[in-house]
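So this block is entry-v3.cif, mmCIF, C-alpha atoms:
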```
data_data
#
loop_
_atom_site.group_PDB
_atom_site.id
_atom_site.type_symbol
_atom_site.label_atom_id
_atom_site.label_comp_id
_atom_site.auth_asym_id
_atom_site.auth_seq_id
_atom_site.Cartn_x
_atom_site.Cartn_y
_atom_site.Cartn_z
ATOM 1 C CA MET B 26 -61.541 -143.669 -83.729
ATOM 2 C CA ARG B 27 -61.338 -143.027 -80.001
ATOM 3 C CA LYS B 28 -64.467 -141.720 -78.221
ATOM 4 C CA ILE B 29 -63.887 -139.541 -75.157
ATOM 5 C CA VAL B 30 -66.977 -138.517 -73.170
ATOM 6 C CA ILE B 31 -66.852 -135.583 -70.745
ATOM 7 C CA LEU B 32 -69.502 -136.504 -68.238
ATOM 8 C CA ASN B 33 -70.924 -135.399 -64.900
ATOM 9 C CA SER B 34 -74.566 -135.258 -63.878
ATOM 10 C CA LYS B 35 -74.003 -131.909 -62.170
ATOM 11 C CA GLY B 36 -73.929 -128.748 -64.261
ATOM 12 C CA GLY B 37 -71.376 -125.965 -64.007
ATOM 13 C CA CYS B 38 -68.399 -128.235 -63.353
ATOM 14 C CA GLY B 39 -66.463 -127.320 -66.505
ATOM 15 C CA LYS B 40 -67.395 -130.056 -68.972
ATOM 16 C CA THR B 41 -67.231 -127.659 -71.917
ATOM 17 C CA THR B 42 -63.817 -126.385 -70.832
ATOM 18 C CA LEU B 43 -62.448 -129.926 -70.895
ATOM 19 C CA ALA B 44 -64.205 -130.841 -74.134
ATOM 20 C CA THR B 45 -63.091 -127.794 -76.120
ATOM 21 C CA ASN B 46 -59.522 -127.861 -74.841
ATOM 22 C CA LEU B 47 -59.118 -131.557 -75.592
ATOM 23 C CA ALA B 48 -60.578 -131.068 -79.060
ATOM 24 C CA SER B 49 -58.230 -128.177 -79.844
ATOM 25 C CA TYR B 50 -55.231 -130.130 -78.534
ATOM 26 C CA PHE B 51 -55.887 -133.231 -80.635
ATOM 27 C CA ALA B 52 -56.668 -131.150 -83.718
ATOM 28 C CA GLY B 53 -53.429 -129.244 -83.193
ATOM 29 C CA GLN B 54 -51.581 -132.563 -83.159
ATOM 30 C CA GLY B 55 -52.809 -133.262 -86.665
ATOM 31 C CA LEU B 56 -55.495 -135.760 -85.631
ATOM 32 C CA ALA B 57 -58.851 -135.440 -87.386
ATOM 33 C CA THR B 58 -61.108 -134.404 -84.500
ATOM 34 C CA ALA B 59 -64.873 -134.175 -84.037
ATOM 35 C CA LEU B 60 -66.641 -132.311 -81.233
ATOM 36 C CA LEU B 61 -70.210 -133.365 -80.402
ATOM 37 C CA ASP B 62 -72.188 -130.962 -78.242
ATOM 38 C CA HIS B 63 -75.096 -132.674 -76.455
ATOM 39 C CA ASP B 64 -75.631 -129.828 -73.969
ATOM 40 C CA PRO B 65 -78.749 -127.765 -74.836
ATOM 41 C CA GLN B 66 -76.838 -124.620 -73.875
ATOM 42 C CA GLY B 67 -74.665 -125.160 -76.963
ATOM 43 C CA SER B 68 -71.505 -123.753 -75.367
ATOM 44 C CA SER B 69 -69.123 -125.986 -77.309
ATOM 45 C CA MET B 70 -70.717 -125.025 -80.621
ATOM 46 C CA ARG B 71 -70.542 -121.324 -79.749
ATOM 47 C CA TRP B 72 -66.835 -121.803 -78.962
ATOM 48 C CA LEU B 73 -66.327 -123.601 -82.263
ATOM 49 C CA SER B 74 -68.089 -120.802 -84.185
ATOM 50 C CA LEU B 75 -65.401 -118.401 -82.884
ATOM 51 C CA ARG B 76 -62.491 -120.612 -83.912
ATOM 52 C CA PRO B 77 -60.046 -118.758 -86.219
ATOM 53 C CA GLU B 78 -59.550 -120.125 -89.731
ATOM 54 C CA ASN B 79 -55.796 -120.385 -89.196
ATOM 55 C CA LYS B 80 -56.254 -122.921 -86.382
ATOM 56 C CA ALA B 81 -56.541 -126.660 -86.927
ATOM 57 C CA PRO B 82 -60.110 -127.458 -88.004
ATOM 58 C CA ILE B 83 -62.546 -129.336 -85.771
ATOM 59 C CA TYR B 84 -65.682 -130.997 -87.102
ATOM 60 C CA GLY B 85 -68.630 -129.948 -84.954
ATOM 61 C CA ILE B 86 -72.068 -131.468 -84.450
ATOM 62 C CA ALA B 87 -74.852 -129.735 -82.522
ATOM 63 C CA ALA B 88 -76.151 -133.016 -81.136
ATOM 64 C CA TYR B 89 -78.641 -131.183 -78.893
ATOM 65 C CA GLU B 90 -80.681 -130.099 -81.918
ATOM 66 C CA ARG B 91 -83.895 -131.990 -82.581
ATOM 67 C CA GLN B 92 -83.771 -134.621 -85.264
ATOM 68 C CA ARG B 93 -84.771 -133.329 -88.644
ATOM 69 C CA SER B 94 -87.786 -135.014 -90.206
ATOM 70 C CA ASP B 95 -85.965 -135.686 -93.483
ATOM 71 C CA VAL B 96 -82.920 -137.519 -92.029
ATOM 72 C CA THR B 97 -82.289 -140.268 -89.510
ATOM 73 C CA ARG B 98 -80.610 -139.571 -86.163
ATOM 74 C CA SER B 99 -77.601 -141.692 -87.153
ATOM 75 C CA TRP B 100 -77.157 -139.625 -90.326
ATOM 76 C CA GLN B 101 -77.427 -136.393 -88.325
ATOM 77 C CA MET B 102 -74.728 -137.636 -85.934
ATOM 78 C CA ARG B 103 -72.290 -138.936 -88.548
ATOM 79 C CA VAL B 104 -68.664 -137.780 -88.493
ATOM 80 C CA PRO B 105 -66.061 -137.862 -91.278
ATOM 81 C CA SER B 106 -64.666 -141.330 -91.916
ATOM 82 C CA ASP B 107 -61.107 -140.227 -91.120
ATOM 83 C CA THR B 108 -62.008 -138.992 -87.602
ATOM 84 C CA ARG B 109 -59.424 -140.154 -85.036
ATOM 85 C CA ARG B 110 -60.690 -138.413 -81.891
ATOM 86 C CA MET B 111 -64.343 -137.833 -81.012
ATOM 87 C CA ILE B 112 -64.938 -135.571 -78.003
ATOM 88 C CA ILE B 113 -68.458 -135.666 -76.562
ATOM 89 C CA ASP B 114 -69.645 -132.785 -74.358
ATOM 90 C CA ALA B 115 -72.496 -134.437 -72.437
ATOM 91 C CA PRO B 116 -75.339 -132.482 -70.824
ATOM 92 C CA ALA B 117 -76.002 -132.162 -67.094
ATOM 93 C CA GLY B 118 -78.574 -134.370 -65.409
ATOM 94 C CA VAL B 119 -77.694 -137.540 -67.302
ATOM 95 C CA SER B 120 -79.164 -140.632 -65.650
ATOM 96 C CA GLY B 121 -80.915 -143.910 -66.345
ATOM 97 C CA ILE B 122 -80.945 -145.233 -69.900
ATOM 98 C CA GLN B 123 -79.273 -142.048 -71.198
ATOM 99 C CA LEU B 124 -76.315 -142.607 -68.867
ATOM 100 C CA TYR B 125 -76.170 -146.234 -69.970
ATOM 101 C CA GLU B 126 -76.018 -145.183 -73.632
ATOM 102 C CA TYR B 127 -73.168 -142.716 -73.043
ATOM 103 C CA VAL B 128 -71.161 -145.362 -71.202
ATOM 104 C CA ARG B 129 -71.901 -148.065 -73.760
ATOM 105 C CA THR B 130 -70.473 -146.038 -76.647
ATOM 106 C CA ALA B 131 -67.444 -144.563 -74.832
ATOM 107 C CA ASP B 132 -63.834 -145.654 -74.804
ATOM 108 C CA THR B 133 -62.901 -143.155 -72.100
ATOM 109 C CA ILE B 134 -64.928 -141.067 -69.634
ATOM 110 C CA VAL B 135 -63.475 -137.965 -67.994
ATOM 111 C CA ILE B 136 -65.337 -136.554 -64.982
ATOM 112 C CA PRO B 137 -64.625 -132.915 -64.070
ATOM 113 C CA VAL B 138 -65.393 -131.870 -60.511
ATOM 114 C CA LEU B 139 -65.168 -128.532 -58.690
ATOM 115 C CA PRO B 140 -63.674 -128.074 -55.200
ATOM 116 C CA SER B 141 -66.879 -127.510 -53.242
ATOM 117 C CA PRO B 142 -68.789 -129.646 -50.717
ATOM 118 C CA ILE B 143 -71.836 -129.768 -53.007
ATOM 119 C CA ASP B 144 -69.769 -130.980 -55.958
ATOM 120 C CA ILE B 145 -67.911 -133.553 -53.869
ATOM 121 C CA HIS B 146 -71.213 -135.033 -52.722
ATOM 122 C CA ALA B 147 -72.656 -134.959 -56.247
ATOM 123 C CA VAL B 148 -69.679 -136.672 -57.889
ATOM 124 C CA SER B 149 -69.696 -139.370 -55.222
ATOM 125 C CA ARG B 150 -73.265 -140.308 -56.132
ATOM 126 C CA PHE B 151 -72.517 -139.967 -59.837
ATOM 127 C CA VAL B 152 -69.618 -142.435 -59.715
ATOM 128 C CA GLN B 153 -71.983 -144.926 -58.066
ATOM 129 C CA ASP B 154 -74.485 -144.380 -60.889
ATOM 130 C CA LEU B 155 -71.752 -144.971 -63.455
ATOM 131 C CA LEU B 156 -71.001 -148.342 -61.915
ATOM 132 C CA LEU B 157 -74.568 -149.486 -61.186
ATOM 133 C CA THR B 158 -76.733 -147.886 -63.878
ATOM 134 C CA GLY B 159 -74.114 -147.131 -66.513
ATOM 135 C CA LYS B 160 -72.413 -150.543 -66.189
ATOM 136 C CA ALA B 161 -68.999 -148.913 -66.657
ATOM 137 C CA ARG B 162 -67.134 -152.003 -65.466
ATOM 138 C CA ALA B 163 -69.133 -154.332 -67.686
ATOM 139 C CA PHE B 164 -68.233 -152.279 -70.752
ATOM 140 C CA ASP B 165 -64.600 -151.962 -69.624
ATOM 141 C CA VAL B 166 -64.705 -148.171 -69.986
ATOM 142 C CA ARG B 167 -61.732 -146.226 -68.634
ATOM 143 C CA LEU B 168 -62.740 -143.593 -66.062
ATOM 144 C CA ALA B 169 -60.740 -140.696 -64.654
ATOM 145 C CA VAL B 170 -61.487 -137.640 -62.552
ATOM 146 C CA VAL B 171 -60.125 -134.130 -63.100
ATOM 147 C CA ALA B 172 -60.256 -131.400 -60.441
ATOM 148 C CA ASN B 173 -61.280 -128.186 -62.179
ATOM 149 C CA ARG B 174 -60.908 -124.482 -61.213
ATOM 150 C CA VAL B 175 -58.584 -125.384 -58.407
ATOM 151 C CA LYS B 176 -57.178 -122.913 -55.884
ATOM 152 C CA PRO B 177 -54.332 -124.818 -54.220
ATOM 153 C CA ASN B 178 -53.659 -124.628 -50.497
ATOM 154 C CA THR B 179 -57.316 -124.030 -49.654
ATOM 155 C CA LEU B 180 -59.180 -126.234 -47.181
ATOM 156 C CA VAL B 181 -61.934 -127.071 -49.668
ATOM 157 C CA PHE B 182 -59.412 -128.238 -52.273
ATOM 158 C CA GLN B 183 -57.618 -130.354 -49.694
ATOM 159 C CA ALA B 184 -60.962 -131.997 -48.870
ATOM 160 C CA LEU B 185 -61.609 -132.606 -52.570
ATOM 161 C CA GLU B 186 -58.120 -134.036 -53.066
ATOM 162 C CA ARG B 187 -58.566 -136.475 -50.164
ATOM 163 C CA PHE B 188 -61.908 -137.587 -51.571
ATOM 164 C CA LEU B 189 -60.660 -138.056 -55.128
ATOM 165 C CA ARG B 190 -57.643 -140.042 -54.003
ATOM 166 C CA SER B 191 -59.984 -142.343 -52.078
ATOM 167 C CA LEU B 192 -61.785 -143.358 -55.270
ATOM 168 C CA LYS B 193 -60.901 -146.540 -57.090
ATOM 169 C CA TYR B 194 -60.520 -144.566 -60.306
ATOM 170 C CA PRO B 195 -57.585 -142.360 -61.279
ATOM 171 C CA PHE B 196 -57.437 -138.768 -60.086
ATOM 172 C CA ILE B 197 -55.541 -137.693 -63.165
ATOM 173 C CA ALA B 198 -55.073 -133.926 -63.140
ATOM 174 C CA GLN B 199 -55.899 -130.645 -61.466
ATOM 175 C CA LEU B 200 -56.518 -127.494 -63.480
ATOM 176 C CA ARG B 201 -56.057 -124.173 -61.743
ATOM 177 C CA ASP B 202 -58.581 -121.362 -61.622
ATOM 178 C CA THR B 203 -57.260 -118.792 -64.099
ATOM 179 C CA GLN B 204 -58.500 -116.222 -66.605
ATOM 180 C CA ASN B 205 -56.405 -117.924 -69.293
ATOM 181 C CA TYR B 206 -59.306 -120.292 -69.946
ATOM 182 C CA VAL B 207 -61.689 -117.359 -70.299
ATOM 183 C CA ARG B 208 -59.334 -115.701 -72.792
ATOM 184 C CA ALA B 209 -59.034 -118.915 -74.777
ATOM 185 C CA ALA B 210 -62.800 -119.491 -74.838
ATOM 186 C CA GLU B 211 -63.464 -115.959 -76.078
ATOM 187 C CA GLN B 212 -61.164 -116.614 -79.046
ATOM 188 C CA GLY B 213 -62.436 -120.081 -79.921
ATOM 189 C CA VAL B 214 -59.083 -121.663 -79.074
ATOM 190 C CA GLY B 215 -57.677 -123.973 -76.428
ATOM 191 C CA ILE B 216 -55.036 -123.429 -73.789
ATOM 192 C CA HIS B 217 -52.469 -125.143 -76.028
ATOM 193 C CA ASP B 218 -53.149 -122.627 -78.795
ATOM 194 C CA LEU B 219 -52.091 -119.718 -76.586
ATOM 195 C CA GLU B 220 -48.449 -118.721 -76.465
ATOM 196 C CA GLY B 221 -46.226 -117.200 -73.815
ATOM 197 C CA ASN B 222 -45.070 -117.932 -70.308
ATOM 198 C CA ARG B 223 -48.415 -116.973 -68.786
ATOM 199 C CA VAL B 224 -49.997 -120.229 -69.992
ATOM 200 C CA ALA B 225 -46.979 -122.520 -69.616
ATOM 201 C CA LYS B 226 -48.154 -123.799 -66.236
ATOM 202 C CA ASP B 227 -51.657 -124.428 -67.560
ATOM 203 C CA ARG B 228 -50.345 -126.431 -70.507
ATOM 204 C CA ASP B 229 -48.227 -128.517 -68.127
ATOM 205 C CA GLN B 230 -51.285 -129.310 -65.997
ATOM 206 C CA TRP B 231 -52.960 -130.963 -68.995
ATOM 207 C CA ARG B 232 -50.060 -133.317 -69.663
ATOM 208 C CA PRO B 233 -51.075 -136.092 -67.202
ATOM 209 C CA LEU B 234 -54.628 -136.180 -68.590
ATOM 210 C CA ILE B 235 -53.511 -136.262 -72.223
ATOM 211 C CA GLU B 236 -50.895 -138.929 -71.550
ATOM 212 C CA TRP B 237 -53.494 -141.030 -69.731
ATOM 213 C CA ILE B 238 -55.987 -140.722 -72.600
ATOM 214 C CA GLU B 239 -53.339 -141.568 -75.171
ATOM 215 C CA SER B 240 -51.958 -144.505 -73.155
ATOM 216 C CA ILE B 241 -54.652 -146.801 -74.526
ATOM 217 C CA GLU B 242 -53.458 -148.678 -77.560
ATOM 218 C CA GLU B 243 -54.945 -147.750 -80.900
ATOM 219 C CA PRO B 244 -57.244 -150.504 -82.176
ATOM 220 C CA GLN B 245 -55.621 -152.313 -85.048
ATOM 221 C CA PRO B 246 -57.668 -153.262 -88.096
ATOM 222 C CA GLN B 247 -58.439 -156.934 -88.274
ATOM 223 C CA VAL B 248 -57.012 -158.647 -91.319
ATOM 224 C CA ARG B 249 -58.711 -161.835 -92.330
ATOM 225 C CA PRO B 250 -56.339 -164.552 -93.489
ATOM 226 C CA LEU B 251 -56.624 -165.517 -97.102
ATOM 227 C CA ALA B 252 -58.563 -168.688 -97.739
ATOM 228 C CA PRO B 253 -56.279 -171.575 -98.702
ATOM 229 C CA VAL B 254 -56.012 -172.157 -102.422
ATOM 230 C CA ARG B 255 -57.432 -175.472 -103.499
ATOM 231 C CA ARG B 256 -55.250 -177.165 -106.043
ATOM 232 C CA VAL B 257 -57.008 -179.487 -108.415
ATOM 233 C CA ALA B 258 -54.920 -182.245 -110.005
ATOM 234 C CA PRO B 259 -55.115 -182.343 -113.791
ATOM 235 C CA SER B 260 -57.397 -185.107 -115.082
#
```
Give the structure from this file in structure tokens form.
Amino acid sequence: MRKIVILNSKGGCGKTTLATNLASYFAGQGLATALLDHDPQGSSMRWLSLRPENKAPIYGIAAYERQRSDVTRSWQMRVPSDTRRMIIDAPAGVSGIQLYEYVRTADTIVIPVLPSPIDIHAVSRFVQDLLLTGKARAFDVRLAVVANRVKPNTLVFQALERFLRSLKYPFIAQLRDTQNYVRAAEQGVGIHDLEGNRVAKDRDQWRPLIEWIESIEEPQPQVRPLAPVRRVAPS
């Protein structure tokens, strides 16, 4: 199972958009997919509640809910044993030990950022926290940044692009600002579930991110060698 965490300490940067669209893409590819919503706003779970029955199923967990008194937290957070992709929609304001725990359990972290001076400053500090507090390098977690709600050819986007390309981590993709994502969210689907030429460009913009996520090799099960057979000579 591959764990993909959508993470940024700043709210309103589009974490749920990335989480729900990745979940719908992987599910549509026939991979058993789980979506864990840690954000108290519950946006990912609301999206999942709207998902049509004829679309590929996604297993959802409202991880923001308080632990029930009759079950353990690990039992509450369990996913089906055949899950291949786990998408984690993290809350805003993650720091300290909570940030460390998200990094420790992740295979891949995707950081969405908006083209605004405030968001550029915030993500700069957040990347430092990932390295110092989260110990991202120590856990060998793959990090990438995605520019979200982009309006190309604007000065603020050009400033964001220069900043992201200066980072030591991949600037993987840029997603344009379009109502197609609003339409998809209202229907409980992802951009890859929509058909027609109007979303062709949006689907293409996801390709670099998906290819980067999938470029990591699947872990292979370890097979223990059989113990040598001891042959006993007849007496």
Extract, using all atoms listed in the file, all DNA, RNA and protein residues at most 7 Å from region 173-175 of chain B, discarding same-chain residues fewer than 3 positions from it, and format them as a list of chain:residue names. B:Gly39, B:Pro137, B:Val138, B:Leu139, B:Pro140, B:Phe182, B:Gln199, B:Leu200, B:Arg201, B:Asp202
Ground truth for the PyMOL selection byres ((chain B and resi 220-234) around 12), written as a PyMOL selection string: chain B and resi 29+42-43+46-47+50+133-137+168-175+195-206+208-209+214-219+235-240
Hey, which bits of region 101-156 of chain B sit within 12 Å of region 52-73 of chain B, and for each residue what's the closest pair of atoms and how far apart in Å (one decimal), counting all atoms listed in the file, rows by chain and increasing number, as a tab-separated table?
```
residue	atom	partner	partner_atom	distance
B:Gln101	CA	B:Leu61	CA	11.1
B:Met102	CA	B:Leu61	CA	8.3
B:Arg103	CA	B:Ala59	CA	9.9
B:Val104	CA	B:Ala59	CA	6.9
B:Pro105	CA	B:Ala59	CA	8.2
B:Ser106	CA	B:Ala57	CA	9.4
B:Asp107	CA	B:Ala57	CA	6.5
B:Thr108	CA	B:Ala57	CA	4.8
B:Arg109	CA	B:Ala57	CA	5.3
B:Arg110	CA	B:Thr58	CA	4.8
B:Met111	CA	B:Ala59	CA	4.8
B:Ile112	CA	B:Leu60	CA	4.9
B:Ile113	CA	B:Leu61	CA	4.8
B:Asp114	CA	B:Asp62	CA	5.0
B:Ala115	CA	B:His63	CA	5.1
B:Pro116	CA	B:Asp64	CA	4.1
B:Ala117	CA	B:Asp64	CA	7.3
B:Gly118	CA	B:Asp64	CA	10.1
B:Val119	CA	B:Asp64	CA	10.4
B:Gln123	CA	B:His63	CA	11.5
B:Tyr127	CA	B:His63	CA	10.8
```
Please measure the separation of CA of Leu192 (chain B) and CA of Leu157 (chain B), giving the value in Å to one decimal.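 Taking CA of Leu192 (chain B) and CA of Leu157 (chain B), their separation equals 15.4 Å.
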Suppose you want the space between CA of Ala161 (chain B) and CA of Tyr125 (chain B); what is it in Å? 8.3 Å
Atom pair CA of Ile241 (chain B) + CA of Lys193 (chain B), distance 18.5 Å
On this structure, which residues satisfy the PyMOL selection byres ((chain B and resi 148-155) around 9), written as a list in words?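 Selection result, ordered by chain and number: Asn33, Ser34, Lys35, Ser120, Gly121, Leu124, Tyr125, Val128, Ile136, Pro137, Val138, Ile143, Asp144, Ile145, His146, Ala147, Leu156, Leu157, Thr158, Gly159, Lys160, Ala161, Arg162, Phe188 and Leu192 of chain B.
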Padding 8 Å on every side, please: axis-aligned box over the listed atoms of region 55-66 of chain B, centre and edge lengths to one decimal in Å, as lines of an AutoDock Vina configuration file.
```
center_x = -65.8
center_y = -130.2
center_z = -80.6
size_x = 41.9
size_y = 27.1
size_z = 29.5
```
